[in-house]
file protein-v1.cif (mmCIF, C-alpha atoms)
data_query
#
loop_
_atom_site.group_PDB
_atom_site.id
_atom_site.type_symbol
_atom_site.label_atom_id
_atom_site.label_comp_id
_atom_site.auth_asym_id
_atom_site.auth_seq_id
_atom_site.Cartn_x
_atom_site.Cartn_y
_atom_site.Cartn_z
ATOM 1 C CA MET J 1433 -5.475 8.501 -18.255
ATOM 2 C CA LEU J 1434 -2.026 10.001 -17.976
ATOM 3 C CA ALA J 1435 0.861 7.729 -17.184
ATOM 4 C CA ALA J 1436 2.278 9.940 -14.460
ATOM 5 C CA ASN J 1437 -0.955 10.153 -12.418
ATOM 6 C CA PHE J 1438 -0.745 6.728 -10.805
ATOM 7 C CA LEU J 1439 2.972 7.109 -10.176
ATOM 8 C CA LEU J 1440 2.570 10.525 -8.536
ATOM 9 C CA LEU J 1441 -0.241 9.263 -6.288
ATOM 10 C CA ALA J 1442 1.881 6.270 -5.308
ATOM 11 C CA ALA J 1443 4.865 8.518 -4.563
ATOM 12 C CA LEU J 1444 2.714 10.742 -2.349
ATOM 13 C CA LEU J 1445 1.282 7.803 -0.410
ATOM 14 C CA PHE J 1446 4.791 6.352 -0.048
ATOM 15 C CA SER J 1447 6.066 9.640 1.417
ATOM 16 C CA ILE J 1448 3.130 9.830 3.829
ATOM 17 C CA GLY J 1449 3.884 6.288 4.957
ATOM 18 C CA VAL J 1450 7.550 7.077 5.496
ATOM 19 C CA TYR J 1451 6.560 10.091 7.590
ATOM 20 C CA GLY J 1452 4.301 7.834 9.660
ATOM 21 C CA VAL J 1453 7.076 5.318 10.263
ATOM 22 C CA ILE J 1454 9.405 8.092 11.434
ATOM 23 C CA ALA J 1455 6.914 10.085 13.488
ATOM 24 C CA ARG J 1456 4.903 7.414 15.295
ATOM 25 C CA ARG J 1457 6.115 5.556 18.354
ATOM 26 C CA ASN J 1458 3.106 3.293 18.860
ATOM 27 C CA ALA J 1459 4.026 -0.038 17.241
ATOM 28 C CA VAL J 1460 0.552 -0.625 15.754
ATOM 29 C CA MET J 1461 0.614 2.812 14.124
ATOM 30 C CA VAL J 1462 4.033 2.065 12.631
ATOM 31 C CA LEU J 1463 2.630 -1.166 11.168
ATOM 32 C CA MET J 1464 -0.243 0.825 9.627
ATOM 33 C CA SER J 1465 2.246 3.212 8.013
ATOM 34 C CA ILE J 1466 4.139 0.230 6.612
ATOM 35 C CA GLU J 1467 0.855 -0.938 5.070
ATOM 36 C CA LEU J 1468 0.560 2.456 3.353
ATOM 37 C CA ILE J 1469 4.051 2.015 1.895
ATOM 38 C CA LEU J 1470 3.352 -1.520 0.644
ATOM 39 C CA ASN J 1471 0.089 -0.410 -0.965
ATOM 40 C CA SER J 1472 1.731 2.470 -2.798
ATOM 41 C CA VAL J 1473 4.273 0.058 -4.263
ATOM 42 C CA ASN J 1474 1.417 -2.191 -5.372
ATOM 43 C CA LEU J 1475 -0.194 0.750 -7.153
ATOM 44 C CA ASN J 1476 3.083 1.279 -8.998
ATOM 45 C CA PHE J 1477 3.117 -2.355 -10.104
ATOM 46 C CA ILE J 1478 -0.428 -2.108 -11.441
ATOM 47 C CA ALA J 1479 0.352 1.183 -13.200
ATOM 48 C CA PHE J 1480 3.406 -0.271 -14.899
ATOM 49 C CA ALA J 1481 1.407 -3.323 -15.969
ATOM 50 C CA LEU J 1482 -1.171 -0.979 -17.509
ATOM 51 C CA MET J 1483 1.496 1.048 -19.304
ATOM 52 C CA GLN J 1484 3.322 -1.971 -20.615
ATOM 53 C CA GLY J 1485 0.160 -3.846 -21.555
ATOM 54 C CA SER J 1486 1.441 -6.958 -19.781
ATOM 55 C CA ILE J 1487 0.243 -9.117 -16.925
ATOM 56 C CA GLU J 1488 3.447 -9.488 -14.865
ATOM 57 C CA GLY J 1489 2.690 -6.445 -12.729
ATOM 58 C CA HIS J 1490 -0.587 -7.975 -11.568
ATOM 59 C CA ILE J 1491 1.175 -11.188 -10.530
ATOM 60 C CA PHE J 1492 3.832 -9.271 -8.610
ATOM 61 C CA ALA J 1493 1.132 -7.204 -6.901
ATOM 62 C CA LEU J 1494 -0.623 -10.397 -5.781
ATOM 63 C CA PHE J 1495 2.669 -11.704 -4.368
ATOM 64 C CA VAL J 1496 3.195 -8.436 -2.495
ATOM 65 C CA ILE J 1497 -0.347 -8.649 -1.062
ATOM 66 C CA ALA J 1498 0.335 -12.177 0.231
ATOM 67 C CA ILE J 1499 3.676 -11.246 1.780
ATOM 68 C CA ALA J 1500 2.149 -8.127 3.345
ATOM 69 C CA ALA J 1501 -0.567 -10.247 4.963
ATOM 70 C CA ALA J 1502 2.093 -12.560 6.414
ATOM 71 C CA GLU J 1503 4.086 -9.551 7.606
ATOM 72 C CA VAL J 1504 1.084 -8.044 9.401
ATOM 73 C CA GLY J 1505 0.286 -11.368 11.093
ATOM 74 C CA VAL J 1506 3.795 -11.869 12.427
ATOM 75 C CA GLY J 1507 4.196 -8.185 13.270
ATOM 76 C CA LEU J 1508 1.015 -8.010 15.321
ATOM 77 C CA ALA J 1509 1.923 -11.266 17.075
ATOM 78 C CA MET J 1510 5.253 -9.710 18.059
ATOM 79 C CA VAL J 1511 3.477 -6.551 19.237
ATOM 80 C CA LEU J 1512 1.160 -8.689 21.375
ATOM 81 C CA LEU J 1513 4.143 -10.513 22.849
ATOM 82 C CA ILE J 1514 5.907 -7.251 23.659
ATOM 83 C CA TYR J 1515 2.732 -5.860 25.212
ATOM 84 C CA ARG J 1516 2.298 -8.969 27.350
ATOM 85 C CA ASN J 1517 5.847 -8.743 28.663
ATOM 86 C CA ARG J 1518 6.143 -4.979 29.152
ATOM 87 C CA LYS J 1519 2.554 -3.585 29.286
ATOM 88 C CA SER J 1520 3.621 -1.051 26.652
ATOM 89 C CA ILE J 1521 4.095 -0.993 22.894
ATOM 90 C CA LEU J 1522 5.966 2.312 22.686
ATOM 91 C CA LEU J 1523 8.909 1.655 20.417
ATOM 92 C CA ASP J 1524 11.323 4.095 22.065
ATOM 93 C CA GLU J 1525 11.083 2.169 25.320
ATOM 94 C CA LEU J 1526 12.442 -1.002 23.731
ATOM 95 C CA SER J 1527 16.102 -0.383 24.485
ATOM 96 C CA GLU J 1528 17.413 -3.699 25.787
ATOM 97 C CA LEU J 1529 19.606 -4.198 22.744
ATOM 98 C CA LYS J 1530 21.244 -0.797 23.176
ATOM 99 C CA GLY J 1531 24.857 -1.292 24.273
ATOM 100 C CA MET N 304 4.846 18.345 -18.346
ATOM 101 C CA THR N 305 2.120 20.952 -18.070
ATOM 102 C CA GLY N 306 -1.415 19.960 -17.374
ATOM 103 C CA ILE N 307 -0.521 16.659 -15.781
ATOM 104 C CA LEU N 308 -3.831 16.256 -14.029
ATOM 105 C CA PHE N 309 -6.168 17.838 -16.569
ATOM 106 C CA ALA N 310 -4.789 17.236 -20.022
ATOM 107 C CA ALA N 311 -7.365 17.761 -22.731
ATOM 108 C CA ASP N 312 -6.611 15.632 -25.748
ATOM 109 C CA GLY N 313 -6.940 11.894 -25.952
ATOM 110 C CA VAL N 314 -7.840 11.470 -22.303
ATOM 111 C CA ASN N 315 -10.843 9.570 -21.058
ATOM 112 C CA VAL N 316 -12.454 12.369 -19.038
ATOM 113 C CA ALA N 317 -14.653 10.170 -16.846
ATOM 114 C CA GLN N 318 -11.702 7.995 -15.952
ATOM 115 C CA ASN N 319 -9.618 11.027 -15.049
ATOM 116 C CA ILE N 320 -12.346 12.562 -12.897
ATOM 117 C CA GLY N 321 -12.838 9.262 -11.093
ATOM 118 C CA PHE N 322 -9.130 8.991 -10.541
ATOM 119 C CA GLY N 323 -8.957 12.528 -9.126
ATOM 120 C CA VAL N 324 -11.877 12.109 -6.736
ATOM 121 C CA ILE N 325 -10.616 8.774 -5.398
ATOM 122 C CA ALA N 326 -7.067 10.120 -5.171
ATOM 123 C CA VAL N 327 -8.171 13.107 -3.061
ATOM 124 C CA VAL N 328 -10.108 10.825 -0.698
ATOM 125 C CA MET N 329 -7.101 8.517 -0.398
ATOM 126 C CA ILE N 330 -4.642 11.337 0.300
ATOM 127 C CA VAL N 331 -6.848 12.904 2.987
ATOM 128 C CA ALA N 332 -7.403 9.512 4.625
ATOM 129 C CA ALA N 333 -3.691 8.675 4.479
ATOM 130 C CA LEU N 334 -2.801 11.990 6.127
ATOM 131 C CA ASN N 335 -5.387 11.193 8.785
ATOM 132 C CA VAL N 336 -3.736 7.809 9.388
ATOM 133 C CA VAL N 337 -0.389 9.391 10.222
ATOM 134 C CA THR N 338 -1.642 12.465 12.103
ATOM 135 C CA THR N 339 -4.709 11.480 14.129
ATOM 136 C CA LYS N 340 -4.581 11.121 17.903
ATOM 137 C CA ASN N 341 -7.078 8.260 17.942
ATOM 138 C CA VAL N 342 -5.772 4.816 17.071
ATOM 139 C CA VAL N 343 -9.172 3.423 16.064
ATOM 140 C CA HIS N 344 -9.763 6.384 13.764
ATOM 141 C CA ALA N 345 -6.369 5.725 12.199
ATOM 142 C CA ALA N 346 -7.353 2.116 11.503
ATOM 143 C CA LEU N 347 -10.647 3.160 9.924
ATOM 144 C CA SER N 348 -8.901 5.786 7.783
ATOM 145 C CA LEU N 349 -6.497 3.073 6.693
ATOM 146 C CA ALA N 350 -9.494 0.999 5.616
ATOM 147 C CA LEU N 351 -10.613 3.981 3.497
ATOM 148 C CA VAL N 352 -7.178 4.200 1.872
ATOM 149 C CA LEU N 353 -7.232 0.469 1.111
ATOM 150 C CA ALA N 354 -10.728 0.683 -0.397
ATOM 151 C CA GLY N 355 -9.637 3.620 -2.545
ATOM 152 C CA MET N 356 -6.658 1.598 -3.669
ATOM 153 C CA ALA N 357 -8.999 -1.207 -4.773
ATOM 154 C CA ALA N 358 -11.013 1.363 -6.757
ATOM 155 C CA GLN N 359 -7.832 2.586 -8.443
ATOM 156 C CA TYR N 360 -7.007 -0.998 -9.391
ATOM 157 C CA ILE N 361 -10.390 -1.285 -11.084
ATOM 158 C CA LEU N 362 -9.704 1.980 -12.937
ATOM 159 C CA ALA N 363 -6.414 0.467 -14.062
ATOM 160 C CA ALA N 364 -8.199 -2.640 -15.398
ATOM 161 C CA ALA N 365 -6.898 -4.967 -12.674
ATOM 162 C CA GLU N 366 -10.115 -6.536 -11.395
ATOM 163 C CA PHE N 367 -8.587 -9.647 -9.894
ATOM 164 C CA VAL N 368 -6.046 -7.688 -7.868
ATOM 165 C CA ALA N 369 -8.816 -5.321 -6.766
ATOM 166 C CA VAL N 370 -10.956 -8.175 -5.450
ATOM 167 C CA SER N 371 -7.896 -9.693 -3.741
ATOM 168 C CA GLN N 372 -7.184 -6.321 -2.181
ATOM 169 C CA VAL N 373 -10.708 -6.082 -0.776
ATOM 170 C CA MET N 374 -10.680 -9.624 0.600
ATOM 171 C CA VAL N 375 -7.162 -9.658 2.034
ATOM 172 C CA TYR N 376 -6.754 -6.093 3.253
ATOM 173 C CA ILE N 377 -10.216 -4.860 4.144
ATOM 174 C CA GLY N 378 -11.393 -8.314 5.191
ATOM 175 C CA ALA N 379 -8.426 -9.826 6.990
ATOM 176 C CA VAL N 380 -5.743 -7.250 7.705
ATOM 177 C CA MET N 381 -8.141 -4.643 9.072
ATOM 178 C CA VAL N 382 -9.647 -7.196 11.455
ATOM 179 C CA LEU N 383 -6.117 -8.075 12.582
ATOM 180 C CA PHE N 384 -5.346 -4.404 13.162
ATOM 181 C CA LEU N 385 -8.532 -3.828 15.139
ATOM 182 C CA PHE N 386 -7.799 -6.897 17.270
ATOM 183 C CA GLY N 387 -4.246 -5.685 17.774
ATOM 184 C CA ILE N 388 -5.508 -2.275 18.893
ATOM 185 C CA MET N 389 -8.067 -3.759 21.267
ATOM 186 C CA LEU N 390 -5.633 -6.259 22.777
ATOM 187 C CA THR N 391 -2.844 -3.763 23.381
ATOM 188 C CA ARG N 392 -4.693 -0.678 24.593
ATOM 189 C CA ALA N 393 -6.602 0.174 27.694
ATOM 190 C CA GLN N 394 -8.722 3.159 26.667
ATOM 191 C CA ILE N 395 -10.690 3.913 23.521
ATOM 192 C CA GLY N 396 -10.495 7.518 22.406
ATOM 193 C CA ARG N 397 -7.940 10.276 22.136
ATOM 194 C CA GLU N 398 -4.538 9.358 23.355
ATOM 195 C CA THR N 399 -1.368 11.288 24.020
ATOM 196 C CA GLY N 400 2.129 10.069 23.332
ATOM 197 C CA LEU N 401 1.454 8.450 19.967
ATOM 198 C CA ASN N 402 4.273 10.429 18.347
ATOM 199 C CA ASN N 403 7.971 10.427 18.996
ATOM 200 C CA SER N 404 9.467 13.472 20.650
ATOM 201 C CA THR N 405 11.309 14.121 17.371
ATOM 202 C CA TRP N 406 8.317 13.560 15.113
ATOM 203 C CA TYR N 407 8.953 16.771 13.164
ATOM 204 C CA ALA N 408 12.091 15.163 11.684
ATOM 205 C CA GLY N 409 9.764 13.098 9.508
ATOM 206 C CA ILE N 410 8.334 16.141 7.703
ATOM 207 C CA PRO N 411 11.487 17.181 5.792
ATOM 208 C CA VAL N 412 12.278 13.536 5.057
ATOM 209 C CA ALA N 413 8.827 12.957 3.558
ATOM 210 C CA VAL N 414 8.836 16.256 1.628
ATOM 211 C CA ILE N 415 12.294 15.658 0.168
ATOM 212 C CA LEU N 416 11.402 12.066 -0.703
ATOM 213 C CA PHE N 417 8.212 13.123 -2.464
ATOM 214 C CA GLY N 418 10.022 15.897 -4.283
ATOM 215 C CA LEU N 419 12.652 13.469 -5.512
ATOM 216 C CA LEU N 420 10.162 10.803 -6.555
ATOM 217 C CA GLY N 421 7.861 13.327 -8.223
ATOM 218 C CA TRP N 422 10.758 14.915 -10.097
ATOM 219 C CA VAL N 423 11.888 11.522 -11.353
ATOM 220 C CA VAL N 424 8.366 10.521 -12.377
ATOM 221 C CA LEU N 425 7.675 13.772 -14.209
ATOM 222 C CA ASN N 426 10.988 13.705 -16.022
ATOM 223 C CA VAL N 427 11.216 10.054 -16.956
ATOM 224 C CA TYR N 428 7.653 8.894 -17.441
ATOM 225 C CA ASP N 429 6.144 12.011 -18.974
ATOM 226 C CA ASP N 430 6.707 10.803 -22.507
ATOM 227 C CA GLY N 431 5.793 7.257 -23.293
ATOM 228 C CA SER N 432 8.898 6.209 -25.142
ATOM 229 C CA LEU N 433 9.692 3.640 -22.458
ATOM 230 C CA PHE N 434 6.367 1.818 -22.541
ATOM 231 C CA ALA N 435 4.448 -0.053 -25.179
ATOM 232 C CA ASN N 436 1.027 1.195 -24.188
ATOM 233 C CA VAL N 437 1.820 4.914 -23.663
ATOM 234 C CA ASN N 438 1.920 7.484 -26.434
ATOM 235 C CA ASP N 439 4.330 10.397 -26.797
ATOM 236 C CA ASP N 440 2.186 12.747 -24.740
ATOM 237 C CA GLY N 441 2.372 10.452 -21.750
ATOM 238 C CA ILE N 442 -1.206 9.239 -22.119
ATOM 239 C CA ILE N 443 -2.069 5.610 -21.616
ATOM 240 C CA GLY N 444 -3.799 4.096 -24.624
ATOM 241 C CA GLU N 445 -6.623 1.612 -24.844
ATOM 242 C CA LEU N 446 -6.629 -0.973 -22.104
ATOM 243 C CA GLY N 447 -5.720 -4.586 -22.452
ATOM 244 C CA VAL N 448 -3.289 -4.705 -25.353
ATOM 245 C CA GLU N 449 -2.194 -8.208 -24.450
ATOM 246 C CA GLY N 450 -5.496 -9.312 -22.964
ATOM 247 C CA GLN N 451 -7.380 -9.465 -26.224
ATOM 248 C CA GLN N 452 -7.376 -13.235 -26.429
ATOM 249 C CA GLU N 453 -8.032 -13.973 -22.780
ATOM 250 C CA THR N 454 -9.335 -12.068 -19.801
ATOM 251 C CA VAL N 455 -7.046 -10.572 -17.188
ATOM 252 C CA THR N 456 -7.919 -13.263 -14.677
ATOM 253 C CA GLN N 457 -7.115 -16.014 -17.153
ATOM 254 C CA ALA N 458 -3.793 -14.375 -17.929
ATOM 255 C CA ILE N 459 -2.960 -14.141 -14.216
ATOM 256 C CA SER N 460 -3.763 -17.805 -13.649
ATOM 257 C CA ASP N 461 -1.681 -18.791 -16.683
ATOM 258 C CA GLY N 462 1.253 -16.792 -15.346
ATOM 259 C CA VAL N 463 1.009 -18.003 -11.764
ATOM 260 C CA LEU N 464 0.624 -21.656 -12.693
ATOM 261 C CA SER N 465 3.317 -21.763 -15.375
ATOM 262 C CA THR N 466 6.025 -19.118 -15.413
ATOM 263 C CA TYR N 467 5.786 -18.153 -11.759
ATOM 264 C CA LEU N 468 4.977 -21.591 -10.339
ATOM 265 C CA VAL N 469 8.129 -21.905 -8.218
ATOM 266 C CA PRO N 470 7.795 -18.453 -6.615
ATOM 267 C CA PHE N 471 4.129 -19.241 -6.030
ATOM 268 C CA PHE N 472 4.995 -22.401 -4.105
ATOM 269 C CA GLY N 473 7.667 -20.507 -2.209
ATOM 270 C CA MET N 474 5.068 -17.934 -1.246
ATOM 271 C CA THR N 475 2.732 -20.622 0.069
ATOM 272 C CA PHE N 476 5.489 -21.878 2.343
ATOM 273 C CA VAL N 477 6.198 -18.334 3.524
ATOM 274 C CA LEU N 478 2.511 -17.933 4.390
ATOM 275 C CA LEU N 479 2.481 -21.270 6.232
ATOM 276 C CA ALA N 480 5.619 -20.359 8.179
ATOM 277 C CA ALA N 481 4.189 -16.928 9.005
ATOM 278 C CA ALA N 482 0.900 -18.402 10.244
ATOM 279 C CA ILE N 483 2.659 -20.970 12.447
ATOM 280 C CA GLY N 484 5.108 -18.345 13.651
ATOM 281 C CA ALA N 485 2.320 -15.938 14.568
ATOM 282 C CA ILE N 486 0.526 -18.663 16.540
ATOM 283 C CA VAL N 487 3.728 -19.659 18.356
ATOM 284 C CA LEU N 488 4.538 -16.043 19.197
ATOM 285 C CA ALA N 489 1.092 -14.990 20.350
ATOM 286 C CA ARG N 490 -0.109 -18.020 22.320
ATOM 287 C CA LYS N 491 0.020 -18.047 26.075
ATOM 288 C CA ASP N 492 1.955 -20.957 27.568
#
call {"tool": "encode", "arguments": {"input": "protein-v1.cif", "output": "structure tokens"}}
result
Amino acid sequence: MLAANFLLLAALLFSIGVYGVIARRNAVMVLMSIELILNSVNLNFIAFALMQGSIEGHIFALFVIAIAAAEVGVGLAMVLLIYRNRKSILLDELSELKG
Amino acid sequence: MTGILFAADGVNVAQNIGFGVIAVVMIVAALNVVTTKNVVHAALSLALVLAGMAAQYILAAAEFVAVSQVMVYIGAVMVLFLFGIMLTRAQIGRETGLNNSTWYAGIPVAVILFGLLGWVVLNVYDDGSLFANVNDDGIIGELGVEGQQETVTQAISDGVLSTYLVPFFGMTFVLLAAAIGAIVLARKD
């Protein structure tokens, strides 16, 4: 197994996730793209743990998984709240904070 | 730097082939997540990406993280996403207006970002001088250098319950706050 393989795959998934965050305007789709980004970072942690022969990367990956689960829960609750108030979850229509 | 994907010497061929097959499935599914017109299809493609990620963890000798990935992501997060889709959408099927009007601006950003990251990875991590478990050709050696005495799961539990105990407790409070916050936000009153 080559060291660069995992890192290149993670970089590609990260770029795809960034494209999704920029291109999508449905809030649920943006959250899915953020999940792609978080997962690619986790793959990097695991790859570095494998290269270094240490266990710290696994622990950090578990922490990231827990925080990502919390983030999805709060994010989808906010999306539900926005949908209930506005009957729409299109992000470019949320412009109340614009001056 | 040549032959990154199919180097010949000192590489576990079965592991490399497995990595390649899973990686192709993951990349296709990830592209489907960000390009499809159907929100439910996007969620199911995301489940495929997450399952492939768990398989890559197993290839990288991280069984505990792989099982956590399956339980947390495929078990819990996907159900949350499907509920979110069902509670916020009227119709099931193809949908217009999922993309911004300036969606094409994301393509150069993603391409440049991948080019930069790939260039850095190929230049810095091609030789293994930075890492204990990587030889000079950039090939990862035998697995589990440190885990000879104990299994990976034992090592994780030792780390979490000794060195990383305080961050672990902090994380539990973050999860509690997030759960309460999600309930407060989403409940009808």
call {"tool": "atom_distance", "arguments": {"input": "protein-v1.cif", "atom1": "CA of Ala1500 (chain J)", "atom2": "CA of Val1460 (chain J)"}}
result
14.6 Å
call {"tool": "resolve_selection", "arguments": {"input": "protein-v1.cif", "expression": "the PyMOL selection byres ((chain N and resi 326) around 10)", "output": "VMD selection string"}}
result
(chain J and resid 1437 to 1438 1441 to 1442 1445) or (chain N and resid 320 to 325 327 to 332 352 355 to 356 358 to 359)
call {"tool": "closest_residue", "arguments": {"input": "protein-v1.cif", "among": "N:Leu347, N:Val336, N:Ala364, N:Ala354", "to": "Ala1479 (chain J)", "atoms": "all atoms listed in the file"}}
result
N:Ala364
call {"tool": "residues_near_point", "arguments": {"input": "protein-v1.cif", "point": "(-10.7, 10.5, 13.8)", "cutoff": "12 Å", "atoms": "all atoms listed in the file", "output": "mmCIF file with C-alpha atoms, keeping the file's coordinate frame"}}
result
data_model
loop_
_atom_site.group_PDB
_atom_site.id
_atom_site.type_symbol
_atom_site.label_atom_id
_atom_site.label_comp_id
_atom_site.auth_asym_id
_atom_site.auth_seq_id
_atom_site.Cartn_x
_atom_site.Cartn_y
_atom_site.Cartn_z
ATOM 1 C CA VAL N 331 -6.848 12.904 2.987
ATOM 2 C CA ALA N 332 -7.403 9.512 4.625
ATOM 3 C CA ALA N 333 -3.691 8.675 4.479
ATOM 4 C CA LEU N 334 -2.801 11.990 6.127
ATOM 5 C CA ASN N 335 -5.387 11.193 8.785
ATOM 6 C CA VAL N 336 -3.736 7.809 9.388
ATOM 7 C CA VAL N 337 -0.389 9.391 10.222
ATOM 8 C CA THR N 338 -1.642 12.465 12.103
ATOM 9 C CA THR N 339 -4.709 11.480 14.129
ATOM 10 C CA LYS N 340 -4.581 11.121 17.903
ATOM 11 C CA ASN N 341 -7.078 8.260 17.942
ATOM 12 C CA VAL N 342 -5.772 4.816 17.071
ATOM 13 C CA VAL N 343 -9.172 3.423 16.064
ATOM 14 C CA HIS N 344 -9.763 6.384 13.764
ATOM 15 C CA ALA N 345 -6.369 5.725 12.199
ATOM 16 C CA ALA N 346 -7.353 2.116 11.503
ATOM 17 C CA LEU N 347 -10.647 3.160 9.924
ATOM 18 C CA SER N 348 -8.901 5.786 7.783
ATOM 19 C CA LEU N 349 -6.497 3.073 6.693
ATOM 20 C CA ILE N 395 -10.690 3.913 23.521
ATOM 21 C CA GLY N 396 -10.495 7.518 22.406
ATOM 22 C CA ARG N 397 -7.940 10.276 22.136
ATOM 23 C CA GLU N 398 -4.538 9.358 23.355
#
call {"tool": "atom_distance", "arguments": {"input": "protein-v1.cif", "atom1": "CA of Val1496 (chain J)", "atom2": "CA of Ala1481 (chain J)"}}
result
14.5 Å
call {"tool": "closest_residue", "arguments": {"input": "protein-v1.cif", "among": "N:Leu383, N:Val469, N:Ile388, N:Val423", "to": "Val1504 (chain J)", "atoms": "all atoms listed in the file"}}
result
N:Leu383
call {"tool": "closest_residue", "arguments": {"input": "protein-v1.cif", "among": "N:Glu453, N:Ser465, N:Gly409, N:Met389", "to": "chain J", "atoms": "all atoms listed in the file"}}
result
N:Gly409
call {"tool": "resolve_selection", "arguments": {"input": "protein-v1.cif", "expression": "the PyMOL selection byres ((chain J) within 7 of (chain N))", "output": "count of residues only"}}
result
42
call {"tool": "residues_around", "arguments": {"input": "protein-v1.cif", "residues": "region 1466-1468 of chain J", "least_positions_apart": "4", "cutoff": "7 Å", "atoms": "all atoms listed in the file", "output": "list of chain:residue names"}}
result
J:Leu1445, J:Phe1446, J:Gly1449, J:Val1453, J:Val1462, J:Ser1472
call {"tool": "atom_distance", "arguments": {"input": "protein-v1.cif", "atom1": "CA of Ala1493 (chain J)", "atom2": "CA of Phe1477 (chain J)"}}
result
6.1 Å
